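For reference, work-v4.txt (compact mmCIF, C-alpha atoms (C1' of nucleotides)):
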```
# COMPACT_ATOMS: atom_id res chain seq x y z
CA MET A 283 -2.67 49.28 61.38
CA LYS A 284 -0.96 45.93 61.12
CA ILE A 285 -0.20 44.60 57.62
CA ALA A 286 1.19 41.13 56.97
CA THR A 287 2.46 39.15 54.01
CA TYR A 288 2.50 35.37 53.90
CA ASN A 289 3.45 32.99 51.11
CA VAL A 290 1.22 30.09 52.14
CA ASN A 291 2.35 27.54 49.54
CA GLY A 292 -1.17 26.23 48.87
CA VAL A 293 -4.04 28.06 50.54
CA ASN A 294 -6.26 25.01 50.95
CA GLY A 295 -3.59 22.65 52.20
CA ARG A 296 -2.51 25.43 54.56
CA LEU A 297 -5.92 26.46 55.81
CA PRO A 298 -5.65 25.26 59.45
CA VAL A 299 -2.24 26.90 59.81
CA LEU A 300 -3.43 30.09 58.12
CA VAL A 301 -6.51 30.40 60.32
CA ARG A 302 -4.53 29.63 63.49
CA TRP A 303 -2.00 32.32 62.61
CA LEU A 304 -4.74 34.85 61.74
CA GLN A 305 -6.41 34.28 65.12
CA GLU A 306 -3.11 34.55 66.92
CA SER A 307 -1.71 37.66 65.24
CA SER A 308 -4.89 39.52 64.18
CA PRO A 309 -3.44 41.55 61.30
CA ASP A 310 -5.75 44.19 59.80
CA VAL A 311 -4.63 43.50 56.24
CA VAL A 312 -2.96 40.37 54.86
CA CYS A 313 -1.34 39.71 51.50
CA LEU A 314 -1.18 36.03 50.52
CA GLN A 315 0.88 34.43 47.76
CA GLU A 316 1.06 31.01 46.16
CA LEU A 317 -2.60 30.15 46.62
CA LYS A 318 -2.18 27.22 44.21
CA ALA A 319 -5.94 27.20 43.73
CA PRO A 320 -8.30 28.24 40.94
CA VAL A 321 -10.59 31.21 41.57
CA GLU A 322 -13.56 29.00 42.51
CA LYS A 323 -11.60 27.00 45.09
CA PHE A 324 -10.47 29.95 47.20
CA PRO A 325 -11.63 29.24 50.80
CA GLU A 326 -13.66 32.43 51.08
CA LYS A 327 -16.17 31.02 53.55
CA THR A 328 -13.60 29.75 56.04
CA LEU A 329 -11.70 33.01 55.93
CA ARG A 330 -14.93 34.97 56.35
CA GLU A 331 -15.71 32.89 59.45
CA ALA A 332 -12.20 33.70 60.68
CA GLY A 333 -13.08 37.38 60.38
CA TYR A 334 -11.64 38.38 57.00
CA HIS A 335 -13.03 39.77 53.78
CA ALA A 336 -11.00 38.94 50.70
CA ILE A 337 -10.24 39.64 47.10
CA TRP A 338 -8.16 37.14 45.17
CA HIS A 339 -6.78 36.20 41.80
CA GLY A 340 -6.41 32.46 41.59
CA GLN A 341 -5.03 30.11 38.99
CA LYS A 342 -5.11 26.36 38.61
CA SER A 343 -2.15 24.65 40.33
CA TRP A 344 0.25 27.58 40.45
CA ASN A 345 0.73 31.12 41.70
CA GLY A 346 -2.31 33.00 42.95
CA VAL A 347 -2.49 36.09 45.20
CA ALA A 348 -5.06 37.50 47.61
CA ILE A 349 -5.61 40.46 49.92
CA LEU A 350 -7.56 40.03 53.17
CA SER A 351 -9.01 42.73 55.39
CA ARG A 352 -10.79 42.60 58.72
CA GLN A 353 -13.07 45.35 57.50
CA ASP A 354 -15.29 45.15 54.45
CA ASN A 355 -13.36 47.95 52.78
CA LEU A 356 -11.26 46.38 50.03
CA HIS A 357 -11.45 48.31 46.77
CA GLU A 358 -9.71 46.38 44.04
CA LEU A 359 -7.56 48.58 41.82
CA ARG A 360 -6.08 45.91 39.54
CA ARG A 361 -5.46 42.17 39.39
CA VAL A 362 -2.73 42.02 36.76
CA LEU A 363 0.60 43.72 36.44
CA PRO A 364 0.44 46.02 33.39
CA GLY A 365 2.81 45.71 30.46
CA ASP A 366 2.29 42.24 28.97
CA PRO A 367 -1.19 41.03 27.97
CA GLU A 368 0.28 37.60 27.22
CA ASP A 369 1.46 37.07 30.79
CA LEU A 370 -1.31 34.97 32.33
CA HIS A 371 0.34 34.16 35.66
CA SER A 372 -1.66 35.43 38.64
CA ARG A 373 1.13 37.20 40.48
CA TYR A 374 -0.20 40.64 41.34
CA ILE A 375 -3.27 42.15 42.94
CA GLU A 376 -3.73 45.67 44.24
CA ALA A 377 -6.35 47.33 46.40
CA ALA A 378 -7.15 50.50 48.27
CA VAL A 379 -7.82 49.68 51.92
CA ASN A 380 -7.79 51.75 55.13
CA GLY A 381 -6.66 54.80 53.15
CA ILE A 382 -3.59 53.21 51.60
CA VAL A 383 -2.76 51.37 48.39
CA VAL A 384 -1.65 47.79 48.94
CA GLY A 385 0.11 45.89 46.16
CA CYS A 386 0.48 42.14 46.76
CA LEU A 387 3.07 40.45 44.58
CA TYR A 388 4.57 37.06 43.87
CA LEU A 389 7.65 37.74 41.81
CA PRO A 390 8.77 34.82 39.60
CA ASN A 391 11.35 32.45 41.03
CA GLY A 392 13.47 32.54 37.86
CA ASN A 393 15.36 29.26 38.20
CA PRO A 394 17.11 27.70 36.52
CA TYR A 395 19.67 30.30 35.53
CA PRO A 396 20.33 30.88 32.72
CA GLY A 397 17.18 30.29 30.71
CA PRO A 398 13.73 31.50 29.76
CA LYS A 399 12.44 31.44 33.34
CA PHE A 400 15.24 33.74 34.42
CA GLU A 401 14.44 36.09 31.51
CA TYR A 402 10.79 36.03 32.51
CA LYS A 403 11.78 37.01 36.03
CA LEU A 404 13.86 39.96 34.82
CA ASN A 405 11.06 41.10 32.50
CA TRP A 406 8.48 40.81 35.26
CA PHE A 407 10.76 42.79 37.54
CA LYS A 408 11.10 45.49 34.88
CA ARG A 409 7.34 45.77 34.51
CA PHE A 410 6.90 45.82 38.27
CA SER A 411 9.47 48.59 38.69
CA ALA A 412 7.74 50.67 36.01
CA HIS A 413 4.43 50.24 37.81
CA ALA A 414 6.04 51.08 41.17
CA ARG A 415 7.44 54.28 39.69
CA LYS A 416 3.96 55.31 38.57
CA LEU A 417 2.56 54.65 42.03
CA LEU A 418 5.28 56.80 43.61
CA ALA A 419 4.48 59.62 41.21
CA GLN A 420 0.89 59.63 42.47
CA ASP A 421 2.20 60.69 45.87
CA VAL A 422 -0.21 58.48 47.81
CA PRO A 423 0.60 56.08 50.67
CA VAL A 424 1.61 52.75 49.11
CA VAL A 425 2.92 49.46 50.43
CA LEU A 426 4.22 46.85 47.98
CA CYS A 427 4.62 43.57 49.81
CA GLY A 428 4.98 39.92 49.06
CA ASP A 429 7.40 37.26 47.92
CA TYR A 430 10.02 39.12 45.87
CA ASN A 431 12.16 36.01 45.42
CA VAL A 432 15.26 38.15 45.98
CA MET A 433 17.79 38.21 48.78
CA PRO A 434 18.82 41.88 48.57
CA THR A 435 22.26 41.50 50.17
CA GLU A 436 24.68 38.89 51.47
CA ARG A 437 23.26 39.48 54.94
CA ASP A 438 19.98 38.04 53.73
CA VAL A 439 21.21 34.52 52.91
CA TYR A 440 22.75 31.96 55.22
CA LYS A 441 25.55 30.99 52.85
CA PRO A 442 25.96 33.61 50.10
CA ASP A 443 28.69 31.76 48.17
CA ARG A 444 26.33 28.88 47.47
CA TRP A 445 23.72 31.18 45.96
CA ILE A 446 25.77 33.32 43.61
CA ASN A 447 24.34 31.77 40.45
CA ASP A 448 20.88 31.13 41.79
CA ALA A 449 18.09 33.20 40.27
CA LEU A 450 17.21 34.56 43.72
CA PHE A 451 20.65 36.02 44.22
CA ARG A 452 22.09 36.69 40.76
CA LYS A 453 23.58 40.15 40.45
CA GLU A 454 21.01 41.19 37.83
CA VAL A 455 18.20 40.48 40.26
CA ARG A 456 19.85 42.13 43.25
CA ASP A 457 20.56 45.16 41.05
CA ALA A 458 16.91 45.23 39.98
CA PHE A 459 15.82 45.25 43.62
CA LYS A 460 18.36 47.94 44.51
CA ASN A 461 17.22 50.13 41.62
CA LEU A 462 13.60 49.64 42.62
CA VAL A 463 14.27 50.69 46.21
CA GLY A 464 16.30 53.58 44.79
CA GLN A 465 13.14 55.06 43.29
CA GLY A 466 12.33 56.20 46.81
CA TRP A 467 11.01 53.10 48.60
CA THR A 468 11.91 51.95 52.10
CA ASP A 469 12.67 48.28 52.78
CA ALA A 470 10.70 48.29 56.06
CA ILE A 471 12.21 45.27 57.80
CA ARG A 472 15.77 46.26 56.93
CA LYS A 473 15.02 49.80 58.09
CA LEU A 474 13.83 48.48 61.47
CA TYR A 475 16.73 46.06 61.88
CA PRO A 476 19.71 47.52 59.99
CA ASP A 477 22.30 45.08 61.33
CA ASP A 478 20.38 41.89 62.10
CA THR A 479 20.24 38.65 60.17
CA ILE A 480 16.59 38.11 59.36
CA TYR A 481 15.06 35.27 57.37
CA THR A 482 11.54 34.72 56.08
CA PHE A 483 11.99 31.36 54.32
CA TRP A 484 13.54 28.03 55.23
CA ASP A 485 13.65 25.03 52.89
CA TYR A 486 11.61 21.97 53.81
CA PHE A 487 14.58 19.65 53.52
CA ARG A 488 18.10 19.39 54.87
CA ASN A 489 16.65 20.37 58.22
CA ALA A 490 16.91 23.99 57.11
CA TYR A 491 14.66 25.52 59.76
CA ALA A 492 16.40 23.78 62.66
CA ARG A 493 19.78 24.83 61.25
CA ASP A 494 18.45 28.34 60.62
CA ALA A 495 19.61 28.03 57.02
CA GLY A 496 17.22 30.67 55.76
CA LEU A 497 16.66 33.41 53.23
CA ARG A 498 15.07 36.85 53.47
CA ILE A 499 12.92 37.07 50.36
CA ASP A 500 9.55 38.40 51.58
CA HIS A 501 9.64 42.18 51.74
CA PHE A 502 7.67 45.34 52.45
CA LEU A 503 8.47 48.39 50.37
CA LEU A 504 6.95 51.61 51.71
CA SER A 505 6.35 54.88 49.90
CA PRO A 506 7.72 57.96 51.73
CA GLN A 507 4.38 58.78 53.35
CA LEU A 508 4.18 55.30 54.86
CA ALA A 509 7.86 55.10 55.76
CA ARG A 510 7.22 57.98 58.16
CA ARG A 511 4.44 56.00 59.78
CA LEU A 512 6.45 52.78 60.31
CA ARG A 513 6.23 51.82 63.97
CA SER A 514 7.39 48.19 64.21
CA GLY A 515 7.65 44.94 62.31
CA GLY A 516 8.94 41.40 62.39
CA VAL A 517 8.82 37.80 61.24
CA ASP A 518 6.48 35.30 62.91
CA ARG A 519 9.15 32.66 62.54
CA HIS A 520 7.66 30.29 65.09
CA VAL A 521 4.86 29.62 62.57
CA ARG A 522 7.49 27.96 60.37
CA GLY A 523 7.84 25.36 63.13
CA TRP A 524 4.17 24.32 63.12
CA GLU A 525 2.92 21.03 61.66
CA LYS A 526 1.93 21.14 57.98
CA THR A 527 3.35 24.64 57.68
CA SER A 528 4.50 26.67 54.68
CA ASP A 529 8.21 26.99 53.87
CA HIS A 530 7.76 30.76 54.35
CA ALA A 531 6.94 32.49 57.63
CA PRO A 532 4.51 35.42 57.88
CA VAL A 533 6.09 38.87 57.96
CA TRP A 534 4.33 41.95 59.34
CA ILE A 535 4.64 45.67 59.96
CA GLU A 536 2.69 48.09 62.08
CA LEU A 537 1.90 51.64 60.90
CA LYS A 538 0.97 54.62 63.02
CA ASP A 539 -2.47 56.02 62.31
CA LYS A 540 -1.13 59.26 60.86
C1' DA B 1326 26.10 20.42 44.56
C1' DT B 1327 21.89 18.14 45.21
C1' DG B 1328 14.53 18.99 44.80
C1' DC B 1329 16.66 14.94 50.07
C1' DC B 1330 10.25 17.90 51.04
C1' DG B 1331 5.85 19.45 49.91
C1' DT B 1332 1.76 20.82 46.99
C1' DG B 1333 -1.50 20.20 43.29
C1' DG B 1334 -3.27 17.69 39.40
C1' DA B 1335 -3.44 14.01 36.91
C1' DA B 1336 -2.75 9.47 36.86
C1' DA B 1337 -0.17 5.78 40.06
C1' DC B 1338 4.09 10.04 37.97
C1' DC B 1339 5.05 14.82 36.88
C1' DA B 1340 5.70 20.06 37.19
C1' DC B 1341 7.15 23.31 40.12
C1' DG B 1342 9.10 25.64 43.97
C1' DA B 1343 13.88 28.48 46.07
```
Take the structure in the file and give it back as structure tokens.
Amino acid sequence: MKIATYNVNGVNGRLPVLVRWLQESSPDVVCLQELKAPVEKFPEKTLREAGYHAIWHGQKSWNGVAILSRQDNLHELRRVLPGDPEDLHSRYIEAAVNGIVVGCLYLPNGNPYPGPKFEYKLNWFKRFSAHARKLLAQDVPVVLCGDYNVMPTERDVYKPDRWINDALFRKEVRDAFKNLVGQGWTDAIRKLYPDDTIYTFWDYFRNAYARDAGLRIDHFLLSPQLARRLRSGGVDRHVRGWEKTSDHAPVWIELKDK
DNA sequence: ATGCCGTGGAAACCACGA
């Protein structure tokens, strides 16, 4: 089973690129972030014609997450992260599919630091970690994937010194990610490539993609049952070079059947 | 060091992203 995550940065503006990549890579399950579209403007029909069923949680202008599946077997488990009824951002959706639990997340950016947005990020992270702990306790196969907006280590950013006080690299946020993984999760891409420099995002400006000035911020965390089934994975970085593309590239993993 | 690019929505600019 191939599972992918892709921050599309506007699902409607990105539709030709998204469909082209789906046809090319044929993932079984796809988590999308930054739909930037209200619920009623999700391109369900086009994606259905491309071979994918979908559940989604949209929002006008910002955020928005979706899970796609080639089979009509998506069972939605939740569409909000528990812990704060006043948080109306659409940043989390979770489903049972192909015998596993898939959580699709778009963790807040948190800039500028310091400030309320950074505090919101830390609070969201805290709620997410609490939810992740509960999922682990259920002892079922779980993958939590999406845009975490965190570079976990210095290896994951092209110029670490420049990012020290950025909300994506502040110590508090890296510690939060480390503690989350410490619950018992496996960072799948890092597990597959322990010593490589791997990026999933390149800024639109300053010629970042051509200079390979990137960040690794899109991650797969696997519960122990799934970590044992990890076969391969990678970044479809060539997609970042397409016309009208997102600033993120799709990331994918492949799991053994059992 | 920086929003220099890009998207969406409203309004001919602004918020937001990382």
Please, which residues of chain A lie no more than 12 Å from chain B when the count uses all atoms listed in the file, and can they be set out as a VMD selection string?
chain A and resid 289 to 296 316 to 320 341 to 345 389 to 394 399 429 to 433 439 444 to 445 448 to 451 483 to 490 496 to 499 526 to 530
Using CA of Val362 in chain A and CA of Glu376 in chain A as the two end points, give the distance in Å to one decimal.
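Distance between the two atoms: 8.4 Å.
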Go through A:Pro442, A:Gly365, A:Gly466, A:Gly428 one by one, measure the shortest atom-to-atom distance of each to Arg415 in chain A using only C-alpha atoms, and give the residue with the smallest value.
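The closest residue to Arg415 in chain A is A:Gly466.
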As JSON: centre and edge lengths in Å, one decimal, of the axis-aligned box holding range 419-428 of chain A with 4 Å per side:
```
{"center_x": 2.4, "center_y": 50.3, "center_z": 45.9, "size_x": 13.2, "size_y": 28.8, "size_z": 17.5}
```
